[in-house]
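Next comes my_file_12.cif, a file with mmCIF, C-alpha atoms.
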data_start
loop_
_atom_site.label_atom_id
_atom_site.label_comp_id
_atom_site.auth_asym_id
_atom_site.auth_seq_id
_atom_site.Cartn_x
_atom_site.Cartn_y
_atom_site.Cartn_z
CA MET A 5 -45.51 106.40 -71.21
CA LYS A 6 -47.34 107.11 -74.46
CA LEU A 7 -49.84 109.84 -75.18
CA TYR A 8 -52.52 109.14 -77.79
CA THR A 9 -53.90 112.44 -78.94
CA PHE A 10 -55.19 114.65 -81.74
CA PRO A 11 -53.71 118.12 -81.26
CA PRO A 12 -56.40 120.23 -82.96
CA ALA A 13 -59.15 118.98 -80.58
CA PRO A 14 -59.91 120.95 -77.41
CA ASN A 15 -59.44 118.25 -74.77
CA PRO A 16 -55.99 117.36 -76.14
CA LYS A 17 -55.18 121.08 -76.18
CA ARG A 18 -55.62 121.25 -72.38
CA LEU A 19 -52.87 118.68 -72.07
CA ASP A 20 -50.65 120.16 -74.79
CA ILE A 21 -50.57 123.59 -73.12
CA PHE A 22 -49.77 121.94 -69.78
CA ILE A 23 -46.90 119.95 -71.33
CA ALA A 24 -45.53 123.03 -73.09
CA GLU A 25 -45.65 125.08 -69.87
CA LYS A 26 -43.74 122.31 -68.06
CA GLY A 27 -41.21 122.10 -70.87
CA ILE A 28 -41.39 118.30 -70.90
CA GLU A 29 -41.56 115.83 -73.74
CA ILE A 30 -43.84 112.82 -73.95
CA GLU A 31 -43.92 110.21 -76.68
CA THR A 32 -47.00 111.07 -78.70
CA ILE A 33 -49.07 109.09 -81.19
CA THR A 34 -51.62 110.96 -83.28
CA VAL A 35 -55.08 109.41 -83.56
CA ASP A 36 -56.77 111.04 -86.54
CA LEU A 37 -60.27 111.92 -85.37
CA MET A 38 -61.18 113.30 -88.80
CA ALA A 39 -60.49 109.88 -90.30
CA GLY A 40 -62.45 108.18 -87.48
CA GLU A 41 -59.42 106.31 -86.16
CA HIS A 42 -60.70 106.68 -82.60
CA ARG A 43 -63.77 104.62 -83.37
CA LYS A 44 -62.13 101.48 -84.73
CA ALA A 45 -59.28 99.02 -84.19
CA PRO A 46 -56.51 99.26 -83.25
CA TYR A 47 -57.31 102.31 -81.12
CA LEU A 48 -60.32 100.75 -79.39
CA SER A 49 -58.08 97.99 -78.06
CA ILE A 50 -55.94 100.70 -76.42
CA ASN A 51 -58.82 102.87 -75.16
CA PRO A 52 -62.22 101.12 -75.35
CA TRP A 53 -64.04 104.45 -74.77
CA GLY A 54 -62.68 105.76 -78.06
CA THR A 55 -61.80 109.16 -76.62
CA VAL A 56 -58.61 111.19 -76.90
CA PRO A 57 -56.37 112.06 -75.22
CA ALA A 58 -55.39 108.79 -73.56
CA LEU A 59 -52.22 108.25 -71.58
CA VAL A 60 -50.79 104.74 -71.29
CA LEU A 61 -48.16 104.24 -68.60
CA ASP A 62 -45.23 101.86 -69.01
CA ASP A 63 -46.99 99.23 -66.88
CA GLY A 64 -50.03 99.40 -69.16
CA THR A 65 -52.19 101.57 -66.89
CA LEU A 66 -54.68 103.51 -69.02
CA MET A 67 -55.70 107.08 -68.15
CA THR A 68 -58.59 108.55 -70.10
CA GLU A 69 -59.52 111.75 -68.23
CA VAL A 70 -57.49 114.92 -68.65
CA ILE A 71 -57.74 115.94 -64.99
CA GLY A 72 -56.21 112.60 -63.94
CA MET A 73 -53.40 112.95 -66.46
CA LEU A 74 -52.66 116.51 -65.31
CA TYR A 75 -52.50 115.38 -61.70
CA TYR A 76 -50.22 112.47 -62.62
CA LEU A 77 -47.85 114.64 -64.67
CA GLU A 78 -47.79 117.35 -61.99
CA GLU A 79 -46.55 114.80 -59.43
CA LEU A 80 -43.96 113.45 -61.86
CA TYR A 81 -42.78 116.89 -62.99
CA PRO A 82 -43.48 119.28 -60.12
CA GLU A 83 -41.78 122.26 -61.79
CA VAL A 84 -43.31 124.64 -62.88
CA PRO A 85 -46.30 124.05 -60.55
CA LEU A 86 -49.55 124.31 -62.51
CA LEU A 87 -51.96 122.74 -60.02
CA GLY A 88 -51.34 125.15 -57.16
CA SER A 89 -48.69 125.63 -54.51
CA ASP A 90 -50.90 125.41 -51.43
CA THR A 91 -53.99 123.52 -50.33
CA VAL A 92 -56.58 126.23 -50.93
CA SER A 93 -55.15 127.13 -54.35
CA ARG A 94 -55.14 123.52 -55.43
CA ALA A 95 -58.74 123.05 -54.28
CA GLN A 96 -59.82 126.16 -56.18
CA ILE A 97 -57.92 125.13 -59.32
CA LEU A 98 -59.59 121.72 -59.29
CA SER A 99 -62.92 123.50 -58.81
CA TRP A 100 -62.40 125.88 -61.72
CA ASP A 101 -61.19 123.09 -63.95
CA HIS A 102 -64.44 121.28 -63.11
CA ARG A 103 -66.60 124.34 -63.76
CA CYS A 104 -64.82 125.19 -67.02
CA PHE A 105 -65.40 121.64 -68.20
CA PHE A 106 -68.97 121.23 -67.07
CA GLU A 107 -70.34 124.74 -67.65
CA GLY A 108 -68.04 126.00 -70.40
CA PHE A 109 -66.52 123.25 -72.41
CA SER A 110 -69.64 121.07 -72.39
CA SER A 111 -71.74 123.98 -73.62
CA VAL A 112 -69.59 124.41 -76.69
CA ALA A 113 -69.62 120.66 -77.32
CA GLU A 114 -73.41 120.78 -76.98
CA VAL A 115 -73.67 123.35 -79.78
CA LEU A 116 -71.10 121.66 -82.01
CA ARG A 117 -72.26 118.07 -81.64
CA ASN A 118 -75.95 118.85 -82.03
CA SER A 119 -75.58 121.02 -85.12
CA SER A 120 -72.71 119.66 -87.21
CA GLU A 121 -73.26 117.01 -89.86
CA ALA A 122 -70.01 115.44 -88.73
CA PHE A 123 -71.70 114.44 -85.45
CA VAL A 124 -75.00 112.97 -86.67
CA ASP A 125 -75.85 110.16 -84.21
CA ARG A 126 -72.73 111.04 -82.20
CA ALA A 127 -74.11 113.87 -80.11
CA LEU A 128 -72.06 112.68 -77.13
CA PRO A 129 -68.50 111.32 -77.03
CA GLY A 130 -67.88 107.62 -76.50
CA PRO A 131 -68.95 104.40 -78.18
CA ILE A 132 -72.75 104.71 -77.72
CA SER A 133 -74.77 106.39 -80.46
CA TYR A 134 -76.88 109.39 -79.42
CA ALA A 135 -79.13 111.32 -81.80
CA GLN A 136 -78.72 115.07 -82.14
CA ILE A 137 -81.23 117.25 -80.26
CA PRO A 138 -81.55 120.55 -82.15
CA ASP A 139 -82.90 122.43 -79.09
CA LEU A 140 -79.51 121.95 -77.44
CA VAL A 141 -77.87 124.24 -79.99
CA GLU A 142 -79.66 127.37 -78.80
CA ARG A 143 -79.35 126.29 -75.17
CA GLY A 144 -75.65 125.70 -75.58
CA ARG A 145 -75.13 129.21 -77.00
CA LYS A 146 -76.98 130.68 -74.03
CA ARG A 147 -74.83 128.63 -71.66
CA ILE A 148 -71.63 129.79 -73.38
CA HIS A 149 -72.62 133.42 -72.84
CA GLY A 150 -73.62 132.70 -69.26
CA PHE A 151 -70.20 131.25 -68.62
CA TYR A 152 -68.35 134.12 -70.35
CA HIS A 153 -69.98 136.34 -67.74
CA VAL A 154 -69.14 133.99 -64.87
CA LEU A 155 -65.49 134.14 -65.88
CA ASP A 156 -65.58 137.90 -66.43
CA LYS A 157 -67.01 138.54 -62.98
CA HIS A 158 -64.48 136.19 -61.43
CA LEU A 159 -61.49 137.79 -63.20
CA GLU A 160 -62.24 141.34 -62.05
CA GLY A 161 -59.10 142.59 -60.31
CA LYS A 162 -57.24 139.30 -60.78
CA PRO A 163 -54.17 138.60 -62.96
CA PHE A 164 -55.05 134.91 -63.33
CA MET A 165 -57.93 132.57 -62.50
CA VAL A 166 -56.42 131.45 -59.17
CA GLY A 167 -53.58 133.26 -57.42
CA ASP A 168 -50.78 135.22 -59.08
CA THR A 169 -49.55 132.66 -61.59
CA PHE A 170 -50.77 130.81 -64.65
CA THR A 171 -52.34 127.45 -63.66
CA VAL A 172 -54.56 124.65 -64.92
CA ALA A 173 -57.55 126.90 -64.14
CA ASP A 174 -56.28 129.33 -66.79
CA ILE A 175 -55.70 126.48 -69.23
CA ALA A 176 -59.27 125.28 -68.71
CA ALA A 177 -60.79 128.73 -69.13
CA TYR A 178 -58.59 129.53 -72.14
CA VAL A 179 -59.48 126.30 -73.94
CA PHE A 180 -63.18 126.94 -73.29
CA VAL A 181 -62.99 130.41 -74.86
CA ASN A 182 -60.85 129.16 -77.73
CA PHE A 183 -63.22 126.23 -78.33
CA SER A 184 -66.23 128.58 -78.32
CA GLY A 185 -64.72 130.10 -81.48
CA TRP A 186 -65.39 126.78 -83.21
CA VAL A 187 -69.13 127.55 -83.00
CA LYS A 188 -68.60 131.22 -83.96
CA GLU A 189 -69.05 132.65 -80.50
CA THR A 190 -66.71 135.31 -79.13
CA ILE A 191 -66.32 137.12 -75.82
CA PRO A 192 -68.83 139.99 -75.80
CA ASP A 193 -67.70 143.58 -75.32
CA ASP A 194 -69.20 143.83 -71.85
CA CYS A 195 -66.73 141.22 -70.58
CA GLN A 196 -63.71 143.54 -70.27
CA TYR A 197 -61.87 141.51 -67.64
CA LEU A 198 -62.24 138.28 -69.59
CA LEU A 199 -61.17 140.00 -72.81
CA ALA A 200 -58.01 141.43 -71.22
CA TRP A 201 -57.12 138.12 -69.57
CA TYR A 202 -57.74 136.18 -72.79
CA GLN A 203 -55.54 138.54 -74.78
CA LYS A 204 -52.75 138.14 -72.23
CA VAL A 205 -52.98 134.34 -72.08
CA SER A 206 -53.13 134.07 -75.88
CA GLU A 207 -49.63 135.53 -76.05
CA ARG A 208 -48.02 132.78 -73.99
CA PRO A 209 -45.63 130.63 -76.02
CA SER A 210 -47.33 127.45 -74.71
CA VAL A 211 -50.62 128.61 -76.18
CA LYS A 212 -49.30 129.98 -79.46
CA SER A 213 -47.36 126.85 -80.38
CA MET B 11 -65.38 126.81 -41.65
CA LYS B 12 -69.07 126.48 -42.40
CA LEU B 13 -70.79 124.06 -44.72
CA TYR B 14 -74.02 125.16 -46.37
CA THR B 15 -75.85 122.10 -47.53
CA PHE B 16 -79.11 120.22 -48.00
CA PRO B 17 -78.52 116.60 -46.98
CA PRO B 18 -81.15 114.87 -49.14
CA ALA B 19 -79.66 116.19 -52.40
CA PRO B 20 -77.09 114.10 -54.25
CA ASN B 21 -74.18 116.56 -54.48
CA PRO B 22 -74.30 117.22 -50.72
CA LYS B 23 -74.45 113.46 -50.20
CA ARG B 24 -71.01 113.06 -51.82
CA LEU B 25 -69.61 115.34 -49.15
CA ASP B 26 -71.62 113.85 -46.29
CA ILE B 27 -70.35 110.33 -46.97
CA PHE B 28 -66.78 111.65 -47.16
CA ILE B 29 -67.18 113.48 -43.83
CA ALA B 30 -68.70 110.41 -42.17
CA GLU B 31 -65.87 108.17 -43.45
CA LYS B 32 -63.32 110.61 -42.03
CA GLY B 33 -65.17 110.79 -38.72
CA ILE B 34 -64.88 114.56 -38.64
CA GLU B 35 -67.41 117.24 -37.73
CA ILE B 36 -68.02 120.46 -39.63
CA GLU B 37 -70.40 123.24 -38.67
CA THR B 38 -73.34 122.81 -40.99
CA ILE B 39 -76.16 125.13 -42.04
CA THR B 40 -79.11 123.65 -43.90
CA VAL B 41 -80.31 125.52 -46.99
CA ASP B 42 -83.81 124.27 -47.74
CA LEU B 43 -83.87 123.62 -51.49
CA MET B 44 -87.52 122.57 -51.34
CA ALA B 45 -88.42 126.03 -49.98
CA GLY B 46 -86.19 127.69 -52.62
CA GLU B 47 -83.84 129.19 -50.04
CA HIS B 48 -80.89 128.69 -52.42
CA ARG B 49 -82.40 131.07 -54.95
CA LYS B 50 -82.89 134.12 -52.75
CA ALA B 51 -81.27 136.27 -50.06
CA PRO B 52 -79.52 135.72 -47.76
CA TYR B 53 -78.04 132.62 -49.40
CA LEU B 54 -77.20 134.35 -52.69
CA SER B 55 -74.98 136.78 -50.80
CA ILE B 56 -73.03 133.78 -49.49
CA ASN B 57 -72.93 131.81 -52.75
CA PRO B 58 -74.02 133.87 -55.79
CA TRP B 59 -74.33 130.71 -57.91
CA GLY B 60 -77.14 129.49 -55.66
CA THR B 61 -75.82 125.93 -55.52
CA VAL B 62 -75.27 123.64 -52.56
CA PRO B 63 -73.08 122.47 -51.02
CA ALA B 64 -70.89 125.51 -50.42
CA LEU B 65 -67.98 125.61 -48.01
CA VAL B 66 -66.93 128.94 -46.52
CA LEU B 67 -63.51 129.02 -44.85
CA ASP B 68 -62.77 131.14 -41.79
CA ASP B 69 -61.07 133.78 -43.95
CA GLY B 70 -64.18 134.04 -46.12
CA THR B 71 -62.93 131.93 -49.04
CA LEU B 72 -65.88 130.37 -50.85
CA MET B 73 -65.71 126.86 -52.31
CA THR B 74 -68.59 125.79 -54.52
CA GLU B 75 -67.41 122.59 -56.21
CA VAL B 76 -67.48 119.28 -54.36
CA ILE B 77 -64.19 118.05 -55.83
CA GLY B 78 -62.40 121.15 -54.50
CA MET B 79 -63.95 120.71 -51.05
CA LEU B 80 -62.96 117.04 -50.97
CA TYR B 81 -59.39 117.90 -51.89
CA TYR B 82 -59.27 120.63 -49.25
CA LEU B 83 -60.68 118.40 -46.50
CA GLU B 84 -58.38 115.52 -47.47
CA GLU B 85 -55.34 117.76 -46.94
CA LEU B 86 -56.71 119.02 -43.64
CA TYR B 87 -57.72 115.58 -42.39
CA PRO B 88 -55.44 113.07 -44.12
CA GLU B 89 -56.76 110.08 -42.18
CA VAL B 90 -58.51 107.92 -43.43
CA PRO B 91 -57.18 108.64 -46.97
CA LEU B 92 -60.06 108.80 -49.43
CA LEU B 93 -58.32 110.42 -52.41
CA GLY B 94 -55.64 107.77 -52.89
CA SER B 95 -52.36 106.86 -51.26
CA ASP B 96 -50.11 107.09 -54.32
CA THR B 97 -49.86 109.18 -57.46
CA VAL B 98 -51.49 106.78 -59.90
CA SER B 99 -54.35 105.98 -57.52
CA ARG B 100 -55.05 109.64 -56.93
CA ALA B 101 -55.03 110.35 -60.66
CA GLN B 102 -57.44 107.49 -61.28
CA ILE B 103 -59.73 108.54 -58.41
CA LEU B 104 -59.91 112.09 -59.79
CA SER B 105 -60.66 110.60 -63.20
CA TRP B 106 -63.48 108.38 -61.95
CA ASP B 107 -64.95 111.19 -59.91
CA HIS B 108 -64.99 113.24 -63.12
CA ARG B 109 -66.57 110.43 -65.17
CA CYS B 110 -69.16 109.65 -62.50
CA PHE B 111 -70.13 113.30 -62.44
CA PHE B 112 -70.15 113.96 -66.15
CA GLU B 113 -71.45 110.65 -67.49
CA GLY B 114 -73.45 109.37 -64.52
CA PHE B 115 -74.63 112.08 -62.25
CA SER B 116 -75.37 114.55 -65.07
CA SER B 117 -77.45 111.94 -66.86
CA VAL B 118 -79.74 111.51 -63.87
CA ALA B 119 -80.00 115.27 -63.45
CA GLU B 120 -80.87 115.49 -67.16
CA VAL B 121 -83.83 113.15 -66.68
CA LEU B 122 -84.98 114.74 -63.44
CA ARG B 123 -84.66 118.38 -64.40
CA ASN B 124 -86.24 117.99 -67.83
CA SER B 125 -89.26 116.01 -66.64
CA SER B 126 -90.21 117.22 -63.16
CA GLU B 127 -92.64 120.09 -62.67
CA ALA B 128 -90.41 121.27 -59.84
CA PHE B 129 -87.75 122.19 -62.43
CA VAL B 130 -89.79 124.03 -65.06
CA ASP B 131 -87.48 126.73 -66.46
CA ARG B 132 -84.69 125.46 -64.21
CA ALA B 133 -83.39 122.63 -66.35
CA LEU B 134 -79.82 123.43 -65.30
CA PRO B 135 -78.48 124.43 -61.87
CA GLY B 136 -77.46 128.02 -61.20
CA PRO B 137 -79.09 131.43 -61.47
CA ILE B 138 -79.86 131.43 -65.22
CA SER B 139 -83.25 130.14 -66.37
CA TYR B 140 -83.19 127.27 -68.91
CA ALA B 141 -86.33 125.74 -70.40
CA GLN B 142 -86.86 122.00 -70.15
CA ILE B 143 -86.07 119.95 -73.26
CA PRO B 144 -88.27 116.83 -73.20
CA ASP B 145 -85.97 114.88 -75.57
CA LEU B 146 -83.31 114.92 -72.87
CA VAL B 147 -85.41 112.65 -70.66
CA GLU B 148 -85.14 109.65 -72.94
CA ARG B 149 -81.52 110.44 -73.73
CA GLY B 150 -80.70 110.71 -70.05
CA ARG B 151 -82.20 107.28 -69.35
CA LYS B 152 -80.10 105.78 -72.14
CA ARG B 153 -76.99 107.46 -70.73
CA ILE B 154 -77.75 106.13 -67.23
CA HIS B 155 -77.87 102.58 -68.57
CA GLY B 156 -74.74 103.14 -70.61
CA PHE B 157 -72.93 104.23 -67.47
CA TYR B 158 -74.25 101.32 -65.36
CA HIS B 159 -72.49 99.10 -67.89
CA VAL B 160 -69.30 101.16 -67.86
CA LEU B 161 -69.13 100.74 -64.09
CA ASP B 162 -70.02 97.05 -64.25
CA LYS B 163 -67.27 96.32 -66.75
CA HIS B 164 -64.79 98.31 -64.68
CA LEU B 165 -65.69 96.55 -61.41
CA GLU B 166 -65.16 93.03 -62.71
CA GLY B 167 -62.64 91.38 -60.40
CA LYS B 168 -62.22 94.50 -58.26
CA PRO B 169 -63.25 95.05 -54.62
CA PHE B 170 -63.54 98.82 -55.09
CA MET B 171 -63.44 101.36 -57.92
CA VAL B 172 -59.71 102.12 -57.47
CA GLY B 173 -57.34 99.93 -55.45
CA ASP B 174 -58.21 97.85 -52.41
CA THR B 175 -59.97 100.42 -50.27
CA PHE B 176 -63.07 102.61 -50.35
CA THR B 177 -62.33 106.01 -51.92
CA VAL B 178 -63.94 109.09 -53.42
CA ALA B 179 -64.34 107.08 -56.64
CA ASP B 180 -66.68 104.73 -54.76
CA ILE B 181 -68.53 107.66 -53.26
CA ALA B 182 -69.05 109.16 -56.71
CA ALA B 183 -70.24 105.90 -58.25
CA TYR B 184 -72.47 105.10 -55.25
CA VAL B 185 -74.15 108.51 -55.31
CA PHE B 186 -74.75 108.18 -59.06
CA VAL B 187 -76.50 104.81 -58.63
CA ASN B 188 -78.44 106.04 -55.61
CA PHE B 189 -79.47 109.22 -57.46
CA SER B 190 -80.61 107.15 -60.46
CA GLY B 191 -83.27 105.71 -58.13
CA TRP B 192 -84.81 109.20 -57.99
CA VAL B 193 -85.83 108.77 -61.64
CA LYS B 194 -86.91 105.13 -61.09
CA GLU B 195 -83.91 103.52 -62.71
CA THR B 196 -82.15 100.56 -61.13
CA ILE B 197 -79.06 98.52 -61.91
CA PRO B 198 -80.08 95.90 -64.50
CA ASP B 199 -79.62 92.18 -63.81
CA ASP B 200 -76.82 91.85 -66.35
CA CYS B 201 -74.60 94.14 -64.24
CA GLN B 202 -73.60 91.53 -61.63
CA TYR B 203 -70.35 93.20 -60.60
CA LEU B 204 -72.00 96.57 -60.11
CA LEU B 205 -74.87 94.97 -58.19
CA ALA B 206 -72.53 93.15 -55.80
CA TRP B 207 -70.39 96.24 -55.27
CA TYR B 208 -73.44 98.46 -54.69
CA GLN B 209 -74.85 96.03 -52.13
CA LYS B 210 -71.53 96.01 -50.27
CA VAL B 211 -71.11 99.79 -50.30
CA SER B 212 -74.72 100.33 -49.21
CA GLU B 213 -73.93 98.55 -45.94
CA ARG B 214 -71.22 101.01 -44.89
CA PRO B 215 -72.20 103.07 -41.83
CA SER B 216 -71.21 106.29 -43.65
CA VAL B 217 -73.71 105.54 -46.36
CA LYS B 218 -76.54 104.26 -44.18
CA SER B 219 -76.51 107.27 -41.84
#
Entire entry expressed as structure tokens:
Amino acid sequence: MKLYTFPPAPNPKRLDIFIAEKGIEIETITVDLMAGEHRKAPYLSINPWGTVPALVLDDGTLMTEVIGMLYYLEELYPEVPLLGSDTVSRAQILSWDHRCFFEGFSSVAEVLRNSSEAFVDRALPGPISYAQIPDLVERGRKRIHGFYHVLDKHLEGKPFMVGDTFTVADIAAYVFVNFSGWVKETIPDDCQYLLAWYQKVSERPSVKS
Amino acid sequence: MKLYTFPPAPNPKRLDIFIAEKGIEIETITVDLMAGEHRKAPYLSINPWGTVPALVLDDGTLMTEVIGMLYYLEELYPEVPLLGSDTVSRAQILSWDHRCFFEGFSSVAEVLRNSSEAFVDRALPGPISYAQIPDLVERGRKRIHGFYHVLDKHLEGKPFMVGDTFTVADIAAYVFVNFSGWVKETIPDDCQYLLAWYQKVSERPSVKS
């Protein structure tokens, strides 16, 4: 299989941390988002949506969504388990991954894509042009802070997002917080549990690399 | 376990179709969204996010995200499989569920919640108040049509969204199209594959009920 990616971007980072935690190696091709390579040939013939990361299996099957790739790689490389070791854990990890994406990650993207000159007429990912909506910048910042507090409340008394080990739920929450730094937001002082967890996760070799 | 839900709403519908396809029964409590029951006690003591559906297990574990509930129920009731019968299928079903939610479902919600008087100051789900942003109405309609065409292109030559059987990917896509009717959008005539698929899926007993 081949992984098309751009390591500095947040969605690719979800996958990179997962791969580093597993200790596996995957053939990787860099698609330079800064140079716009994702929006022209030859990349669009590989992934017509123009998003990264994209995973292409040996039989040509294209995977474009991180959650699908994580599930696929977890089945292929079950050790170390990162998607849960029992039914309830796995359900809750999928749920937190979803929440971190929809409530956290998307909020940061909302701020970034509706304020940065680099995203004029590209306020949403994918091949269709969408104009920026300035009101989304303030809303996105409010959403980011709302989600910091969701995570903080959830992490009270817990070593990790789900269960006693580091999982995809921690990857999702970490990448959200890290990505929020791109729009100059940081965890507020009243989120002690989130701050302590973030500090701990930031020290993992998979995250530092 | 107990399922707190409001059958007319689209997120609960994803779960209801799944349950009907499985032929299982789950104790269900209706939370009347029209009467605002999800935004006050006693429901907020059950699910502090104030969203439906919510699944509460016998040990008190709360599940608030549909994808987590579907995964949990699939493990508990493996027949008929609705989340895929092999690794690649399951990865692709998770991916399409994600896309249908983020690109499809959210687009309809964007139109509805930013235009309807019923959602003034509640432009996003959950306990935090968000003002409506009128520009999102037009953007949402454009996104809906973009996603109709994504699905149409994908369905060319295929009986179902993933593989040869009805799965959660079909449920997600069906509920998106059905939900788009709430904001008076319909599949355009140039989406023949989507139209034919939607007609076929609409005739399933699980969907009609």
Determine, using all atoms listed in the file, which residues of chain A have any atom at most 7 Å from an atom of chain B, and tabulate each with its shortest atom pair and distance in Å to one decimal place, rows ordered by chain and then rising number, as JSON lines.
{"residue": "A:Glu69", "atom": "CA", "partner": "B:Ser105", "partner_atom": "CA", "distance": 5.3}
{"residue": "A:Ile71", "atom": "CA", "partner": "B:Ser105", "partner_atom": "CA", "distance": 6.3}
{"residue": "A:Gly72", "atom": "CA", "partner": "B:Ala101", "partner_atom": "CA", "distance": 4.1}
{"residue": "A:Met73", "atom": "CA", "partner": "B:Ala101", "partner_atom": "CA", "distance": 6.6}
{"residue": "A:Tyr75", "atom": "CA", "partner": "B:Ala101", "partner_atom": "CA", "distance": 5.7}
{"residue": "A:Tyr76", "atom": "CA", "partner": "B:Ala101", "partner_atom": "CA", "distance": 5.6}
{"residue": "A:Glu79", "atom": "CA", "partner": "B:Thr97", "partner_atom": "CA", "distance": 6.8}
{"residue": "A:Thr91", "atom": "CA", "partner": "B:Tyr82", "partner_atom": "CA", "distance": 6.1}
{"residue": "A:Val92", "atom": "CA", "partner": "B:Tyr82", "partner_atom": "CA", "distance": 6.4}
{"residue": "A:Ala95", "atom": "CA", "partner": "B:Gly78", "partner_atom": "CA", "distance": 4.1}
{"residue": "A:Gln96", "atom": "CA", "partner": "B:Gly78", "partner_atom": "CA", "distance": 5.9}
{"residue": "A:Leu98", "atom": "CA", "partner": "B:Gly78", "partner_atom": "CA", "distance": 5.6}
{"residue": "A:Ser99", "atom": "CA", "partner": "B:Gly78", "partner_atom": "CA", "distance": 4.9}
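The protein and nucleic acid residues lying at most 12 Å from Val90 of chain B are Phe28, Ile29, Ala30, Glu31, Lys32, Gly33, Ile34, Leu83, Glu84, Glu85, Leu86, Tyr87, Pro88, Leu92, Leu93, Gly94, Ser95, Thr175, Phe176, Thr177 and Val178 of chain B, with only C-alpha atoms considered and sequence neighbours fewer than 2 positions away removed.
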Query raised in the report: atom CA of Asp69 of chain B and atom CA of His48 of chain B are how many Å apart?
Result: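 Atom CA of Asp69 of chain B sits 22.1 Å away from atom CA of His48 of chain B.
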Requested in this report: Kindly give the distance, in Å, that separates atom CA of Lys23 of chain B and atom CA of Val62 of chain B, rounded to a single decimal.
Outcome: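 Here the two named atoms are 10.5 Å from each other.
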Query raised in the report: Neighbours of Gln203 of chain A within 12 Å (all atoms listed in the file; same-chain residues fewer than 2 positions away dropped), as a list in words?
Result: Pro163, Tyr178, Val181, Asn182, Ile191, Gln196, Tyr197, Leu198, Leu199, Ala200, Trp201, Val205, Ser206, Glu207, Arg208, Val211 and Lys212 of chain A
Okay, now the selection with C-alpha atoms, as a CSV table (one decimal), in the frame of the given file?
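Writing the result to again_15.csv gives the following:
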chain,number,residue,atom,x,y,z
A,163,PRO,CA,-54.2,138.6,-63.0
A,178,TYR,CA,-58.6,129.5,-72.1
A,181,VAL,CA,-63.0,130.4,-74.9
A,182,ASN,CA,-60.8,129.2,-77.7
A,191,ILE,CA,-66.3,137.1,-75.8
A,196,GLN,CA,-63.7,143.5,-70.3
A,197,TYR,CA,-61.9,141.5,-67.6
A,198,LEU,CA,-62.2,138.3,-69.6
A,199,LEU,CA,-61.2,140.0,-72.8
A,200,ALA,CA,-58.0,141.4,-71.2
A,201,TRP,CA,-57.1,138.1,-69.6
A,205,VAL,CA,-53.0,134.3,-72.1
A,206,SER,CA,-53.1,134.1,-75.9
A,207,GLU,CA,-49.6,135.5,-76.0
A,208,ARG,CA,-48.0,132.8,-74.0
A,211,VAL,CA,-50.6,128.6,-76.2
A,212,LYS,CA,-49.3,130.0,-79.5
Report task. Have a look at atom CA of Thr40 of chain B and atom CA of Leu13 of chain B and let me know their distance in Å, one decimal. Result -> 8.4 Å
**Report entry** Reference answer for the PyMOL selection byres ((chain A and resi 186) around 12), as a list in words
**Finding:**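 Checked against the file, the PyMOL selection byres ((chain A and resi 186) around 12) matches Pro12, Ala13, Pro14, Phe109, Ser111, Val112, Ala113, Glu114, Val115, Leu116, Arg117, Ser119, Ser120, Arg145, Val179, Phe180, Val181, Asn182, Phe183, Ser184, Gly185, Val187, Lys188, Glu189 and Thr190 of chain A.
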Report task. Between B:Phe129, B:Phe16, B:His164, B:Phe170, single out the one closest to Lys210 of chain B, counting only C-alpha atoms. Result -> B:Phe170
Emit segment 83-91 of chain B of the structure in the block as a file comprising N, CA and C atoms, as an mmCIF file, in the first residue's frame.
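Writing done, so here's out26.cif:
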data_model
loop_
_atom_site.group_PDB
_atom_site.id
_atom_site.type_symbol
_atom_site.label_atom_id
_atom_site.label_comp_id
_atom_site.auth_asym_id
_atom_site.auth_seq_id
_atom_site.Cartn_x
_atom_site.Cartn_y
_atom_site.Cartn_z
ATOM 1 N N LEU B 83 -23.872 -2.310 19.029
ATOM 2 C CA LEU B 83 -24.987 -3.207 18.717
ATOM 3 C C LEU B 83 -24.585 -4.276 17.694
ATOM 4 N N GLU B 84 -23.701 -3.895 16.767
ATOM 5 C CA GLU B 84 -23.238 -4.876 15.779
ATOM 6 C C GLU B 84 -22.487 -6.026 16.450
ATOM 7 N N GLU B 85 -21.687 -5.693 17.463
ATOM 8 C CA GLU B 85 -20.945 -6.743 18.186
ATOM 9 C C GLU B 85 -21.895 -7.624 18.989
ATOM 10 N N LEU B 86 -22.912 -6.986 19.556
ATOM 11 C CA LEU B 86 -23.874 -7.712 20.391
ATOM 12 C C LEU B 86 -24.797 -8.580 19.543
ATOM 13 N N TYR B 87 -25.165 -8.066 18.393
ATOM 14 C CA TYR B 87 -26.101 -8.759 17.493
ATOM 15 C C TYR B 87 -25.471 -8.839 16.110
ATOM 16 N N PRO B 88 -24.560 -9.809 15.919
ATOM 17 C CA PRO B 88 -23.797 -9.806 14.654
ATOM 18 C C PRO B 88 -24.627 -10.107 13.406
ATOM 19 N N GLU B 89 -25.793 -10.711 13.584
ATOM 20 C CA GLU B 89 -26.621 -10.991 12.397
ATOM 21 C C GLU B 89 -27.755 -9.983 12.308
ATOM 22 N N VAL B 90 -28.125 -9.542 11.177
ATOM 23 C CA VAL B 90 -27.485 -9.501 9.886
ATOM 24 C C VAL B 90 -26.322 -8.500 9.936
ATOM 25 N N PRO B 91 -25.132 -8.809 9.414
ATOM 26 C CA PRO B 91 -24.038 -7.827 9.472
ATOM 27 C C PRO B 91 -24.354 -6.549 8.696
#
